[in-house]
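K.L.:
Have a peek at entry-v3.txt (compact mmCIF, C-alpha atoms and all ligand atoms).
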# COMPACT_ATOMS: atom_id res chain seq x y z
CA MET A 1 23.49 18.36 -3.31
CA VAL A 2 21.08 15.55 -4.19
CA THR A 3 18.97 14.45 -1.23
CA THR A 4 17.18 11.15 -1.38
CA LYS A 5 13.91 10.84 0.41
CA LYS A 6 13.12 7.89 2.63
CA TYR A 7 10.12 6.65 0.62
CA ASP A 8 9.08 6.64 -3.02
CA PHE A 9 5.43 7.21 -2.06
CA LEU A 10 3.57 8.78 0.82
CA ILE A 11 0.03 7.39 0.66
CA VAL A 12 -2.63 9.28 2.60
CA GLY A 13 -5.42 6.86 3.52
CA ALA A 14 -5.22 3.16 4.40
CA GLY A 15 -8.55 2.36 2.70
CA LEU A 16 -8.80 0.08 -0.31
CA TYR A 17 -7.40 2.60 -2.79
CA GLY A 18 -4.36 3.38 -0.66
CA ALA A 19 -3.80 -0.28 0.22
CA VAL A 20 -3.99 -1.52 -3.39
CA PHE A 21 -1.73 1.31 -4.55
CA ALA A 22 0.85 0.48 -1.85
CA HIS A 23 0.66 -3.26 -2.63
CA GLU A 24 1.23 -2.71 -6.35
CA ALA A 25 4.03 -0.21 -5.75
CA LYS A 26 5.79 -2.63 -3.38
CA LYS A 27 5.53 -5.41 -5.98
CA ARG A 28 7.53 -3.14 -8.33
CA GLY A 29 10.24 -2.54 -5.70
CA LYS A 30 8.96 0.88 -4.58
CA THR A 31 8.86 1.92 -0.93
CA CYS A 32 5.72 3.38 0.62
CA LEU A 33 4.59 5.00 3.84
CA VAL A 34 0.82 4.78 4.37
CA VAL A 35 -0.76 7.13 6.91
CA ASP A 36 -4.34 7.26 8.12
CA LYS A 37 -6.01 9.59 10.58
CA ARG A 38 -8.11 6.70 11.90
CA GLU A 39 -6.67 4.22 14.39
CA HIS A 40 -7.10 1.27 12.01
CA ILE A 41 -6.45 0.24 8.42
CA GLY A 42 -9.14 -0.59 5.85
CA GLY A 43 -10.99 2.74 5.66
CA ASN A 44 -14.72 2.10 5.46
CA THR A 45 -14.29 -1.65 5.02
CA TYR A 46 -12.87 -1.99 8.54
CA CYS A 47 -14.36 -4.76 10.72
CA LYS A 48 -14.32 -4.58 14.49
CA LYS A 49 -14.40 -7.84 16.41
CA ILE A 50 -17.25 -7.80 18.97
CA GLU A 51 -18.47 -11.00 20.65
CA LYS A 52 -16.27 -12.93 18.16
CA ILE A 53 -18.31 -11.42 15.31
CA ASN A 54 -16.77 -9.31 12.54
CA VAL A 55 -18.82 -6.14 12.82
CA HIS A 56 -18.80 -3.98 9.67
CA ALA A 57 -17.97 -0.81 11.59
CA TYR A 58 -18.94 1.55 8.75
CA GLY A 59 -22.02 -0.17 7.37
CA ALA A 60 -22.76 -3.30 5.36
CA HIS A 61 -20.00 -4.20 2.92
CA ILE A 62 -20.67 -6.93 0.37
CA PHE A 63 -18.04 -7.55 -2.26
CA HIS A 64 -19.32 -8.14 -5.80
CA THR A 65 -17.78 -7.90 -9.24
CA ASN A 66 -18.14 -9.10 -12.80
CA ASP A 67 -14.43 -8.84 -13.39
CA LYS A 68 -12.72 -12.20 -12.95
CA LYS A 69 -9.30 -10.55 -12.65
CA ILE A 70 -10.46 -8.48 -9.67
CA TRP A 71 -12.16 -11.50 -8.10
CA ASP A 72 -8.95 -13.55 -8.47
CA TYR A 73 -6.88 -10.63 -7.16
CA VAL A 74 -8.80 -10.42 -3.88
CA ASN A 75 -9.15 -14.21 -3.53
CA ASP A 76 -5.38 -14.56 -3.84
CA LEU A 77 -5.11 -12.50 -0.66
CA VAL A 78 -7.97 -14.10 1.27
CA PRO A 79 -10.58 -16.71 0.35
CA PHE A 80 -14.14 -15.40 0.09
CA ASN A 81 -17.28 -17.14 1.36
CA ARG A 82 -20.52 -17.78 -0.57
CA PHE A 83 -22.56 -14.94 0.98
CA THR A 84 -25.22 -13.63 -1.40
CA ASN A 85 -26.86 -10.37 -0.46
CA SER A 86 -30.66 -10.77 -0.37
CA PRO A 87 -31.96 -7.93 1.77
CA ILE A 88 -35.49 -7.77 3.07
CA ALA A 89 -37.52 -4.56 3.01
CA ASN A 90 -39.79 -3.78 5.96
CA TYR A 91 -42.49 -1.30 4.96
CA LYS A 92 -44.88 -0.47 7.80
CA GLY A 93 -44.49 -3.97 9.26
CA ASP A 94 -44.90 -5.88 5.97
CA LEU A 95 -41.89 -7.72 4.54
CA TYR A 96 -40.83 -7.71 0.87
CA ASN A 97 -37.91 -9.31 -0.90
CA LEU A 98 -35.32 -7.14 -2.62
CA PRO A 99 -34.25 -6.41 -5.27
CA PHE A 100 -37.51 -6.05 -7.20
CA ASN A 101 -38.26 -9.56 -8.46
CA MET A 102 -41.05 -12.13 -8.74
CA HIS A 103 -41.07 -12.72 -4.96
CA THR A 104 -41.62 -8.96 -4.42
CA PHE A 105 -44.39 -8.84 -7.04
CA TYR A 106 -46.15 -11.80 -5.42
CA GLN A 107 -45.92 -10.12 -2.00
CA LEU A 108 -47.20 -6.81 -3.41
CA TRP A 109 -49.97 -7.99 -5.72
CA GLY A 110 -50.36 -11.76 -5.36
CA VAL A 111 -49.26 -12.27 -8.99
CA LYS A 112 -47.62 -15.59 -9.84
CA THR A 113 -46.35 -15.18 -13.38
CA PRO A 114 -43.93 -12.74 -15.06
CA ALA A 115 -46.66 -11.80 -17.56
CA GLU A 116 -49.03 -10.73 -14.76
CA ALA A 117 -46.28 -8.74 -13.02
CA LYS A 118 -45.26 -7.03 -16.27
CA THR A 119 -48.86 -6.03 -16.98
CA ILE A 120 -49.14 -4.30 -13.61
CA ILE A 121 -45.76 -2.55 -13.86
CA GLU A 122 -46.44 -1.43 -17.44
CA GLU A 123 -49.86 -0.08 -16.43
CA GLN A 124 -48.36 1.86 -13.50
CA SER A 125 -45.32 3.18 -15.34
CA LYS A 126 -46.64 3.99 -18.83
CA LYS A 127 -47.55 7.62 -18.12
CA TYR A 128 -43.97 8.28 -16.96
CA LYS A 129 -42.30 6.69 -19.96
CA ASN A 130 -42.91 9.39 -22.56
CA LYS A 131 -39.96 11.59 -21.61
CA GLN A 132 -36.33 11.21 -20.60
CA PRO A 133 -36.25 10.95 -16.76
CA GLN A 134 -34.75 14.09 -15.24
CA ASN A 135 -34.35 12.85 -11.67
CA LEU A 136 -34.49 9.77 -9.44
CA GLU A 137 -38.28 9.95 -8.93
CA GLU A 138 -39.03 10.11 -12.66
CA GLN A 139 -36.51 7.34 -13.33
CA ALA A 140 -37.98 5.06 -10.66
CA LEU A 141 -41.60 5.64 -11.68
CA SER A 142 -40.81 4.92 -15.32
CA LEU A 143 -38.95 1.72 -14.42
CA VAL A 144 -41.12 0.14 -11.70
CA GLY A 145 -44.35 2.16 -11.42
CA GLU A 146 -46.14 3.73 -8.48
CA ASP A 147 -46.61 0.93 -5.90
CA ILE A 148 -42.95 -0.07 -5.74
CA TYR A 149 -41.84 3.55 -5.83
CA LEU A 150 -44.10 4.59 -2.96
CA LYS A 151 -43.54 1.53 -0.74
CA LEU A 152 -39.94 0.56 -1.38
CA ILE A 153 -38.08 3.54 -2.86
CA LYS A 154 -39.35 7.03 -1.95
CA GLY A 155 -39.08 6.84 1.87
CA TYR A 156 -35.74 5.01 1.90
CA THR A 157 -34.21 7.27 -0.74
CA GLU A 158 -35.32 10.55 0.84
CA LYS A 159 -34.02 9.44 4.26
CA GLN A 160 -30.75 8.18 2.81
CA TRP A 161 -29.98 11.31 0.84
CA GLY A 162 -31.81 13.98 2.90
CA ARG A 163 -33.22 15.36 -0.33
CA LYS A 164 -36.42 14.97 -2.33
CA ALA A 165 -36.22 12.17 -4.88
CA THR A 166 -36.99 14.85 -7.49
CA GLU A 167 -33.68 16.55 -6.61
CA LEU A 168 -31.52 13.44 -6.92
CA PRO A 169 -29.68 12.07 -9.98
CA SER A 170 -31.41 9.15 -11.68
CA PHE A 171 -28.30 6.92 -11.87
CA ILE A 172 -28.59 6.09 -8.14
CA ILE A 173 -31.70 3.98 -8.62
CA LYS A 174 -30.23 2.14 -11.59
CA ARG A 175 -27.98 0.37 -9.08
CA LEU A 176 -30.94 -1.86 -8.17
CA PRO A 177 -31.87 -4.75 -10.46
CA LEU A 178 -35.45 -5.29 -11.68
CA ARG A 179 -36.03 -8.85 -12.79
CA PHE A 180 -38.94 -11.12 -13.63
CA THR A 181 -37.52 -14.29 -12.08
CA PHE A 182 -37.73 -15.62 -8.52
CA ASP A 183 -34.21 -14.46 -7.66
CA ASN A 184 -33.45 -12.44 -4.51
CA ASN A 185 -29.77 -11.82 -5.32
CA TYR A 186 -29.27 -8.05 -4.87
CA PHE A 187 -26.50 -7.97 -7.47
CA ASN A 188 -26.27 -9.11 -11.08
CA ASP A 189 -22.52 -9.73 -10.90
CA ASN A 190 -20.97 -13.15 -11.45
CA TYR A 191 -18.87 -13.07 -8.28
CA GLN A 192 -19.90 -12.15 -4.75
CA GLY A 193 -18.93 -12.87 -1.14
CA ILE A 194 -17.34 -11.73 2.10
CA PRO A 195 -13.66 -12.33 2.92
CA ILE A 196 -13.46 -15.26 5.33
CA GLY A 197 -12.39 -13.70 8.62
CA GLY A 198 -13.60 -10.24 7.57
CA TYR A 199 -12.27 -7.37 5.46
CA ASN A 200 -9.25 -6.73 7.68
CA GLU A 201 -7.81 -9.94 6.23
CA LEU A 202 -7.99 -8.34 2.80
CA THR A 203 -6.56 -4.92 3.66
CA GLY A 204 -4.05 -6.51 6.08
CA GLY A 205 -2.88 -8.76 3.24
CA LEU A 206 -2.54 -5.82 0.87
CA LEU A 207 -0.51 -3.81 3.39
CA GLU A 208 1.72 -6.64 4.56
CA GLY A 209 5.35 -5.54 4.70
CA ILE A 210 4.46 -1.88 4.16
CA ASP A 211 5.11 0.90 6.70
CA VAL A 212 1.80 2.16 8.10
CA GLN A 213 1.27 4.94 10.64
CA LEU A 214 -2.18 5.26 12.20
CA GLY A 215 -3.77 8.18 14.00
CA VAL A 216 -1.91 10.59 11.70
CA ASN A 217 -3.85 13.46 10.14
CA TYR A 218 -1.96 14.46 7.01
CA PHE A 219 -3.06 18.09 7.22
CA LYS A 220 -1.64 18.49 10.71
CA ASP A 221 1.86 17.63 9.46
CA LYS A 222 1.69 18.03 5.70
CA VAL A 223 5.09 19.61 5.05
CA ALA A 224 7.01 17.06 7.14
CA LEU A 225 5.08 14.12 5.69
CA ASP A 226 5.45 15.30 2.09
CA SER A 227 9.17 15.75 2.64
CA MET A 228 9.52 12.06 3.49
CA ALA A 229 8.57 10.80 0.03
CA GLU A 230 9.20 11.57 -3.64
CA ASN A 231 5.48 11.44 -4.48
CA THR A 232 2.17 11.77 -2.65
CA VAL A 233 -0.99 9.73 -3.23
CA PHE A 234 -4.02 11.34 -1.59
CA THR A 235 -7.25 9.42 -0.95
CA GLY A 236 -9.04 11.88 1.37
CA LYS A 237 -11.45 14.68 0.39
CA ILE A 238 -10.17 16.61 -2.62
CA ASP A 239 -11.91 19.82 -1.50
CA GLU A 240 -10.19 19.61 1.88
CA TYR A 241 -6.82 19.11 0.14
CA TYR A 242 -7.31 22.46 -1.58
CA ASN A 243 -8.58 24.11 1.60
CA TYR A 244 -12.09 24.40 0.11
CA GLU A 245 -10.90 27.18 -2.20
CA PHE A 246 -13.80 26.72 -4.64
CA GLY A 247 -16.33 25.81 -1.92
CA LYS A 248 -17.34 22.63 -0.08
CA LEU A 249 -18.39 19.45 -1.81
CA GLU A 250 -21.44 17.88 -0.13
CA TYR A 251 -21.35 14.39 1.33
CA ARG A 252 -23.98 12.28 3.02
CA GLY A 253 -22.98 10.98 6.44
CA LEU A 254 -24.20 8.15 8.63
CA ARG A 255 -24.43 7.42 12.33
CA PHE A 256 -23.94 3.78 13.22
CA ASP A 257 -25.61 2.54 16.41
CA HIS A 258 -24.13 -0.85 17.31
CA GLU A 259 -25.91 -3.03 19.90
CA ILE A 260 -24.96 -6.38 21.40
CA LEU A 261 -28.05 -8.53 21.96
CA ASP A 262 -28.23 -11.53 24.25
CA MET A 263 -29.83 -13.81 21.66
CA ASN A 264 -28.41 -15.83 18.82
CA ASN A 265 -30.58 -14.58 15.97
CA TYR A 266 -32.35 -11.20 15.89
CA GLN A 267 -33.71 -10.78 12.37
CA GLY A 268 -32.70 -13.90 10.44
CA ASN A 269 -30.96 -11.92 7.70
CA ALA A 270 -27.82 -9.79 7.35
CA VAL A 271 -29.69 -6.72 6.05
CA VAL A 272 -33.24 -5.48 6.62
CA ASN A 273 -34.14 -2.13 5.02
CA TYR A 274 -36.80 0.10 6.58
CA THR A 275 -38.35 1.80 3.60
CA GLU A 276 -40.93 4.08 5.22
CA THR A 277 -40.20 7.70 6.10
CA GLU A 278 -41.31 7.41 9.74
CA VAL A 279 -38.53 5.00 10.86
CA PRO A 280 -35.43 7.22 11.25
CA TYR A 281 -32.84 4.61 10.23
CA THR A 282 -32.50 3.13 6.75
CA ARG A 283 -31.43 -0.38 7.67
CA ILE A 284 -30.54 -2.82 10.41
CA LEU A 285 -27.55 -5.09 9.89
CA GLU A 286 -27.03 -8.32 11.78
CA HIS A 287 -23.36 -8.96 11.21
CA LYS A 288 -23.04 -12.66 12.06
CA HIS A 289 -25.13 -13.56 9.00
CA PHE A 290 -22.46 -12.18 6.64
CA GLU A 291 -20.31 -15.13 7.73
CA PHE A 292 -23.01 -17.65 8.76
CA GLY A 293 -21.94 -17.19 12.39
CA GLN A 294 -23.11 -19.49 15.18
CA GLN A 295 -22.02 -17.30 18.13
CA LYS A 296 -24.22 -17.22 21.23
CA LYS A 297 -24.86 -13.48 21.06
CA THR A 298 -25.54 -11.21 18.12
CA VAL A 299 -24.52 -7.68 17.11
CA ILE A 300 -26.84 -5.41 15.18
CA THR A 301 -26.28 -1.96 13.70
CA LYS A 302 -28.84 0.68 12.87
CA GLU A 303 -27.73 3.08 10.11
CA TYR A 304 -29.02 6.63 10.60
CA PRO A 305 -28.34 8.91 7.63
CA LEU A 306 -27.33 12.51 8.26
CA GLU A 307 -25.73 15.44 6.47
CA ALA A 308 -21.94 15.19 6.77
CA SER A 309 -20.68 18.40 8.34
CA SER A 310 -16.93 19.02 8.60
CA LYS A 311 -16.87 17.14 11.93
CA GLN A 312 -18.55 14.00 10.59
CA GLU A 313 -17.04 11.35 8.36
CA PRO A 314 -18.09 11.84 4.74
CA TYR A 315 -19.48 8.58 3.32
CA TYR A 316 -21.44 9.21 0.14
CA PRO A 317 -20.56 11.86 -2.45
CA ILE A 318 -23.76 13.57 -3.58
CA ASN A 319 -23.28 13.44 -7.33
CA ASP A 320 -25.88 16.01 -8.37
CA THR A 321 -25.11 18.58 -11.06
CA GLN A 322 -24.04 21.31 -8.66
CA ASN A 323 -21.57 19.12 -6.77
CA ASN A 324 -20.28 17.46 -9.92
CA ASN A 325 -19.54 20.88 -11.43
CA LEU A 326 -17.74 21.94 -8.27
CA TYR A 327 -15.74 18.71 -8.32
CA LEU A 328 -14.66 19.47 -11.91
CA GLN A 329 -13.08 22.71 -10.69
CA TYR A 330 -11.04 20.74 -8.13
CA LYS A 331 -10.18 18.08 -10.72
CA ASN A 332 -8.94 20.73 -13.08
CA ARG A 333 -6.89 22.32 -10.29
CA ALA A 334 -5.47 18.88 -9.37
CA SER A 335 -4.41 18.19 -12.97
CA LYS A 336 -1.79 20.96 -12.54
CA ASP A 337 -0.29 19.24 -9.47
CA LEU A 338 1.91 16.16 -9.28
CA VAL A 339 -0.10 14.61 -6.44
CA ILE A 340 -2.07 11.48 -7.34
CA PHE A 341 -5.73 11.66 -6.25
CA GLY A 342 -7.67 8.38 -6.01
CA GLY A 343 -10.66 6.72 -4.34
CA ARG A 344 -14.20 7.58 -3.32
CA LEU A 345 -13.39 10.90 -1.64
CA ALA A 346 -10.57 12.16 -3.84
CA GLU A 347 -12.41 11.36 -7.09
CA TYR A 348 -15.82 12.28 -5.59
CA LYS A 349 -17.33 9.13 -7.05
CA TYR A 350 -19.93 6.65 -5.71
CA TYR A 351 -17.41 3.82 -6.13
CA ASP A 352 -18.03 0.28 -4.89
CA MET A 353 -15.07 -1.72 -3.57
CA HIS A 354 -14.37 -3.58 -6.82
CA GLN A 355 -14.39 -0.26 -8.69
CA VAL A 356 -11.92 1.32 -6.26
CA ILE A 357 -9.64 -1.69 -6.64
CA GLY A 358 -10.01 -1.47 -10.43
CA ALA A 359 -9.17 2.25 -10.37
CA ALA A 360 -6.05 1.73 -8.22
CA LEU A 361 -4.89 -1.18 -10.41
CA ALA A 362 -5.37 0.87 -13.58
CA LYS A 363 -3.50 3.83 -12.09
CA THR A 364 -0.53 1.76 -10.90
CA LYS A 365 -0.35 -0.14 -14.19
CA LYS A 366 -0.23 3.13 -16.10
CA LEU A 367 2.34 4.59 -13.74
CA PHE A 368 4.70 1.63 -13.47
CA ASP A 369 4.25 -0.50 -16.57
CA ASN A 370 4.23 2.04 -19.42
P1 LIG A 401 -12.01 5.08 2.28
O1 LIG A 401 -12.34 3.68 2.67
O2 LIG A 401 -12.90 6.18 2.67
O3 LIG A 401 -10.52 5.37 2.72
C1 LIG A 401 -9.99 6.67 2.76
C2 LIG A 401 -9.11 6.76 4.00
O4 LIG A 401 -8.42 8.01 3.99
C3 LIG A 401 -9.91 6.70 5.29
O5 LIG A 401 -9.49 5.63 6.10
C4 LIG A 401 -9.64 8.06 5.95
O6 LIG A 401 -9.57 7.98 7.35
C5 LIG A 401 -8.31 8.44 5.32
N1 LIG A 401 -8.09 9.89 5.33
C6 LIG A 401 -8.88 10.85 4.82
N2 LIG A 401 -8.37 12.05 5.04
C7 LIG A 401 -7.20 11.86 5.70
C8 LIG A 401 -6.23 12.72 6.25
N3 LIG A 401 -6.34 14.06 6.14
N4 LIG A 401 -5.17 12.18 6.88
C9 LIG A 401 -5.03 10.84 7.02
N5 LIG A 401 -5.94 9.98 6.54
C10 LIG A 401 -7.01 10.48 5.88
N6 LIG A 401 -18.87 -1.07 -1.61
C11 LIG A 401 -19.17 -2.32 -2.07
O7 LIG A 401 -18.53 -2.78 -3.01
N7 LIG A 401 -20.15 -3.07 -1.49
C12 LIG A 401 -20.89 -2.60 -0.45
O8 LIG A 401 -21.78 -3.31 0.05
C13 LIG A 401 -20.61 -1.30 0.06
N8 LIG A 401 -21.31 -0.80 1.08
C14 LIG A 401 -21.00 0.42 1.57
C15 LIG A 401 -21.73 0.89 2.66
C16 LIG A 401 -21.43 2.13 3.20
C17 LIG A 401 -22.20 2.63 4.37
C18 LIG A 401 -20.40 2.93 2.63
C19 LIG A 401 -20.08 4.28 3.19
C20 LIG A 401 -19.68 2.47 1.54
C21 LIG A 401 -19.97 1.22 0.99
N9 LIG A 401 -19.25 0.69 -0.08
C22 LIG A 401 -19.56 -0.56 -0.55
C23 LIG A 401 -18.18 1.48 -0.74
C24 LIG A 401 -16.79 1.18 -0.19
O9 LIG A 401 -16.74 1.51 1.20
C25 LIG A 401 -15.79 2.06 -0.95
O10 LIG A 401 -15.85 1.82 -2.33
C26 LIG A 401 -14.32 1.85 -0.54
O11 LIG A 401 -14.17 1.51 0.79
C27 LIG A 401 -13.58 3.13 -0.82
O12 LIG A 401 -12.21 3.01 -0.55
P2 LIG A 401 -11.33 4.33 -0.51
O13 LIG A 401 -9.93 3.90 -0.22
O14 LIG A 401 -11.57 5.13 -1.73
O15 LIG A 401 -11.94 5.22 0.66
N1 LIG A 402 -32.91 2.09 -2.49
C1 LIG A 402 -34.26 2.16 -2.21
N2 LIG A 402 -34.82 1.22 -1.40
C2 LIG A 402 -34.10 0.22 -0.85
C3 LIG A 402 -32.73 0.13 -1.16
C4 LIG A 402 -32.16 1.09 -1.97
O1 LIG A 402 -34.94 3.07 -2.67
O2 LIG A 402 -34.67 -0.60 -0.11
C5 LIG A 402 -32.33 3.13 -3.36
C6 LIG A 402 -31.76 4.30 -2.55
O3 LIG A 402 -31.94 5.48 -3.28
C7 LIG A 402 -30.30 3.94 -2.47
C8 LIG A 402 -30.08 3.36 -3.87
O4 LIG A 402 -31.29 2.61 -4.13
O5 LIG A 402 -29.49 5.07 -2.23
C9 LIG A 402 -28.88 2.46 -4.00
O6 LIG A 402 -28.99 1.41 -3.05
P1 LIG A 402 -27.74 0.57 -2.60
O7 LIG A 402 -28.24 -0.55 -1.76
O8 LIG A 402 -26.92 0.26 -3.79
O9 LIG A 402 -26.99 1.64 -1.68
P2 LIG A 402 -25.63 1.54 -0.84
O10 LIG A 402 -25.26 0.08 -0.72
O11 LIG A 402 -24.63 2.31 -1.59
O12 LIG A 402 -25.98 2.15 0.47
What would you get if you wrote out this structure as structure tokens?

P.N.:
Amino acid sequence: MVTTKKYDFLIVGAGLYGAVFAHEAKKRGKTCLVVDKREHIGGNTYCKKIEKINVHAYGAHIFHTNDKKIWDYVNDLVPFNRFTNSPIANYKGDLYNLPFNMHTFYQLWGVKTPAEAKTIIEEQSKKYKNKQPQNLEEQALSLVGEDIYLKLIKGYTEKQWGRKATELPSFIIKRLPLRFTFDNNYFNDNYQGIPIGGYNELTGGLLEGIDVQLGVNYFKDKVALDSMAENTVFTGKIDEYYNYEFGKLEYRGLRFDHEILDMNNYQGNAVVNYTETEVPYTRILEHKHFEFGQQKKTVITKEYPLEASSKQEPYYPINDTQNNNLYLQYKNRASKDLVIFGGRLAEYKYYDMHQVIGAALAKTKKLFDN
């Protein structure tokens, strides 16, 4: 007897990967059930409305991409505003512009021309340039020299990752631009902004017309959930999916302390990083500035990094050699299954939003259009 299942796809996780996958599947006439253990859609992009302000519940999220197709894709669902991320660094009470640019060099050394700034950076970095950097510290020192490393990188990085900068992969620091112009834009990409009305507009648009069940932990009801669909797409932790059979992948966690303040402007900027070791949080967000808000009150969030134990949400994969090798064992194991694994946790990749969208679009194109 042939039994037909209710859905073509069960999608575990209503974050961006799951939402884009479901949206693309629906466009091709497929039916999907999306489940998430959280009580809301959007995964880590979720915004909670507090005092009429869209609060980025899981940390600052700024959309940026160089890919016009991805920019058009998200703008077709919701228009984006003109927000440009230009964080400030607070090091022991002194303020510096980020990323590292002519404003920062002026604040650090009083230099006014690119030639003067280059001379100082070259002087401070030359002794680190003679070998291939083996870790984040060596990479940073060879790129920007000692002053910037000690004031703006070391403390922040070691708090954020809970590891010495000498034990971290060098690619992490290459995320930050270094430029010799007066330009405080944190990203080099052509397109950048925040969805007008917050990220729920984006994920809500993606999931429109799709069955979603919230507060459902897949592992608590795996057999019944799997039996509802022909195929499963899994966007949670790949090591958890396989019951940690090769060991646990490490993730960095965060605690978010949200506060409502009875003032209209606390710090004058959406993001202020605290780059010294002694301050326990890495940054303070003031959410209204992501959308140029004029509300009477303001909401701020302090981000405290911590090691993600099994009870805490995993936020950042720690892509060092040991974890990457462990992930390869899971990836190899997964290649023998029919389940589709995608997203930051299932692919154990430090993906930004545009990259997750790109990965889900590539996967659905391959699956449906070939
Ligand atoms: P997630 O958003 O993690 O979604 C996975 C979902 O699966 C979650 O909702 C989870 O609850 C659910 N799930 C897991 N296990 C189960 C289970 N067993 N049962 C049911 N549901 C389950 N990117 C940018 O581009 N710009 C930024 O400025 C930026 N800032 C960031 C700041 C922070 C603090 C963090 C943590 C990330 C940031 N990112 C940023 C990255 C961005 O959040 C991710 O790229 C994107 O949200 C990942 O989408 P995803 O669907 O892969 O994962
Ligand atoms: N970083 C730093 N000082 C800062 C900001 C960032 O040293 O003021 C380093 C840190 O190691 C961090 C990495 O640069 O993990 C990448 O920063 P990004 O802002 O891209 O991190 P995310 O947005 O993913 O938290």

K.L.:
Can you write out as JSON lines which residues of chain A fall within 6 Å of ligand LIG 401 (chain A), alongside each residue's closest atom pair and its distance in Å to one decimal, counting all atoms listed in the file and ordering rows by chain and ascending residue number?

P.N.:
{"residue": "A:Val12", "atom": "CA", "partner": "A:LIG401", "partner_atom": "N5", "distance": 5.2}
{"residue": "A:Gly13", "atom": "CA", "partner": "A:LIG401", "partner_atom": "O4", "distance": 3.2}
{"residue": "A:Ala14", "atom": "CA", "partner": "A:LIG401", "partner_atom": "O5", "distance": 5.2}
{"residue": "A:Gly15", "atom": "CA", "partner": "A:LIG401", "partner_atom": "O13", "distance": 3.6}
{"residue": "A:Leu16", "atom": "CA", "partner": "A:LIG401", "partner_atom": "O13", "distance": 4.0}
{"residue": "A:Tyr17", "atom": "CA", "partner": "A:LIG401", "partner_atom": "O13", "distance": 3.8}
{"residue": "A:Gly18", "atom": "CA", "partner": "A:LIG401", "partner_atom": "O13", "distance": 5.6}
{"residue": "A:Val35", "atom": "CA", "partner": "A:LIG401", "partner_atom": "C9", "distance": 5.7}
{"residue": "A:Asp36", "atom": "CA", "partner": "A:LIG401", "partner_atom": "N5", "distance": 3.5}
{"residue": "A:Lys37", "atom": "CA", "partner": "A:LIG401", "partner_atom": "C9", "distance": 3.9}
{"residue": "A:Arg38", "atom": "CA", "partner": "A:LIG401", "partner_atom": "O6", "distance": 4.9}
{"residue": "A:Gly43", "atom": "CA", "partner": "A:LIG401", "partner_atom": "O5", "distance": 3.3}
{"residue": "A:Asn44", "atom": "CA", "partner": "A:LIG401", "partner_atom": "O1", "distance": 4.0}
{"residue": "A:Thr45", "atom": "CA", "partner": "A:LIG401", "partner_atom": "O11", "distance": 5.3}
{"residue": "A:Tyr58", "atom": "CA", "partner": "A:LIG401", "partner_atom": "C17", "distance": 5.6}
{"residue": "A:Gly59", "atom": "CA", "partner": "A:LIG401", "partner_atom": "C17", "distance": 4.1}
{"residue": "A:Ala60", "atom": "CA", "partner": "A:LIG401", "partner_atom": "C15", "distance": 5.1}
{"residue": "A:His61", "atom": "CA", "partner": "A:LIG401", "partner_atom": "O8", "distance": 3.5}
{"residue": "A:Ile62", "atom": "CA", "partner": "A:LIG401", "partner_atom": "O8", "distance": 3.8}
{"residue": "A:Phe63", "atom": "CA", "partner": "A:LIG401", "partner_atom": "O7", "distance": 4.9}
{"residue": "A:Val216", "atom": "CA", "partner": "A:LIG401", "partner_atom": "C9", "distance": 5.6}
{"residue": "A:Asn217", "atom": "CA", "partner": "A:LIG401", "partner_atom": "N4", "distance": 3.7}
{"residue": "A:Tyr218", "atom": "CA", "partner": "A:LIG401", "partner_atom": "N4", "distance": 3.9}
{"residue": "A:Phe219", "atom": "CA", "partner": "A:LIG401", "partner_atom": "N3", "distance": 5.3}
{"residue": "A:Thr235", "atom": "CA", "partner": "A:LIG401", "partner_atom": "O4", "distance": 5.3}
{"residue": "A:Gly236", "atom": "CA", "partner": "A:LIG401", "partner_atom": "C6", "distance": 3.6}
{"residue": "A:Tyr315", "atom": "CA", "partner": "A:LIG401", "partner_atom": "C19", "distance": 4.3}
{"residue": "A:Tyr316", "atom": "CA", "partner": "A:LIG401", "partner_atom": "C19", "distance": 6.0}
{"residue": "A:Gly343", "atom": "CA", "partner": "A:LIG401", "partner_atom": "O14", "distance": 3.2}
{"residue": "A:Arg344", "atom": "CA", "partner": "A:LIG401", "partner_atom": "O14", "distance": 3.9}
{"residue": "A:Tyr351", "atom": "CA", "partner": "A:LIG401", "partner_atom": "O10", "distance": 4.6}
{"residue": "A:Asp352", "atom": "CA", "partner": "A:LIG401", "partner_atom": "O7", "distance": 3.6}
{"residue": "A:Met353", "atom": "CA", "partner": "A:LIG401", "partner_atom": "O7", "distance": 3.7}
{"residue": "A:His354", "atom": "CA", "partner": "A:LIG401", "partner_atom": "O7", "distance": 5.7}
{"residue": "A:Val356", "atom": "CA", "partner": "A:LIG401", "partner_atom": "O10", "distance": 5.6}

K.L.:
Go through A:Ala308, A:Leu152, A:Ala224, A:Leu207 one by one, measure the shortest atom-to-atom distance of each to ligand LIG 402 (chain A) using all atoms listed in the file, and give the residue with the smallest value.

P.N.:
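Ranking A:Ala308, A:Leu152, A:Ala224, A:Leu207 by distance to ligand LIG 402 (chain A), first place goes to A:Leu152.
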
K.L.:
Using only C-alpha atoms and all ligand atoms, what are the residues with an atom within 6 Å of ligand LIG 402 (chain A), set out as a ChimeraX atom specification?

P.N.:
/A:89,152-154,156-157,172-173,175,273,275

K.L.:
Give me the residues near segment 146-150 of chain A as a PyMOL selection string, where near means some atom within 12 Å (using all atoms listed in the file) and where sequence neighbours in that chain fewer than 2 positions away do not count.

P.N.:
chain A and resi 89+91-92+96-101+104-105+107-109+117+120-128+136-144+152-158+165+173+178+275-277
